[in-house]
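Colleague: What follows is a single structure, and I will ask about it in a moment.
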Amino acid sequence: MLERTDRLIMDNQKIRAICPGSFDPITRGHLDIIERAAALFPQVIVGVLQNPGKNPLFSVQERVDLIKTAIKHLPNVEVVFFSGLLVDFARKVEANLIVKGLRAISDFEYEFQMALNNKRLAPEIETMFMMTKNEYSFLSSSVVREIARYGGNIRDLVTPEIEEALKVKFMLK
Ligand code: PNS
């Protein structure tokens, strides 16, 4: 007999997926994972972490608004911010799958730890990893912030709206 999660994955119409992250700001690498999740599953929620312990470049509301501009071509994706544990947020929005991108081997240990702890906290929620596209394997929000801070070219790394928002943040106009 099939396990409960096997049956769930086979009937993907029942899946509500979360793509969680800090998104400070959203990059083309994030967007690629969100687009691929949106092509596979009927409902995708981008969960934006509001972490009071961190000092992000963009406020949580700015990050949510920027993501909305980047995902406006995806009708089955919505953007919601959360604080606290990801699994509590997932339960609140009745999501049953966490979708994350994996870049290089360096991501693996951290993501493995997170996935196993999330599974321990919420056994009913699955975590799925998608390998990032080759061209984005070097990309992160912190790299984008660093290049943008010093006026470098980030055109291939973020959407035009994010590029503009970074210029305004760093007053490079
Ligand atoms: O984009 P990031 O910063 O790599 O995203 C990390 C994120 C938001 C997915 C992760 O920090 C997270 O889930 N934070 C919420 C707190 C939580 O649930 N921690 C895991 C306990 S095992």
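Letters A, B, ... mark the chains of the structure tokens in the order given; residue numbers begin at 1 per chain; ligand numbers begin at 1, in order shown.
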Just want the residues within 9 Å of ligand 1, written as an MDAnalysis selection string, counting only C-alpha atoms and all ligand atoms.
Modeller: chainID A and resid 19:24 26 30 47:51 82:89 100 111 113:121 140:141
Colleague: Taking the chain letters and numbering used in this document, name the residues of segment 13-111 of chain A that DSSP puts in helix (DSSP H, G or I), as number ranges by chain.
Modeller: A: 13-14, 28-40, 60-70, 86-92, 105-111
Colleague: With distances taken over only C-alpha atoms, which residue among A:Arg28, A:Arg91, A:Arg145, A:Lys167 lies nearest Ala70 of chain A?
Modeller: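 Residue with the minimum atom-to-atom distance to Ala70 of chain A: A:Arg28.
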Colleague: Residues within 12 Å of Ile71 of chain A, please, as a list in words. Count only C-alpha atoms; anything in the same chain fewer than 4 positions from it doesn't count.
Modeller: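 Listed by chain and then number, they are Ile26, Thr27, Arg28, His30, Leu31, Asp32, Ile33, Ile34, Glu35, Arg36, Ala38, Val44, Ile45, Val46, Val64, Asp65, Leu66, Ile67, Pro75, Asn76, Val77, Glu78, Val79, Thr159 and Glu161 of chain A.
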Colleague: Got a sec to tell me which of segment 6-154 of chain A DSSP assigns to strand (DSSP E), as number ranges by chain?
Modeller: A: 16-21, 43-49, 77-82, 97-102, 126-131
Colleague: So how many Å separate atom CA of Ile125 of chain A and atom CA of Ile15 of chain A, to one decimal?
Modeller: 10.4 Å
Colleague: Please determine, counting only C-alpha atoms, which residue among A:Gln43, A:Asn55, A:Thr69, A:Ser106 has the shortest atom-to-atom distance to Ala17 of chain A.
Modeller: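 Closest to Ala17 of chain A of all the choices is A:Gln43.
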Colleague: Let me make sure I understand: among A:Leu74, A:Ala95, A:Ile105, A:Val158, which one has the smallest atom-to-atom distance to Glu126 of chain A if we use only C-alpha atoms?
Modeller: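 Closest residue, counting only C-alpha atoms: A:Ala95.
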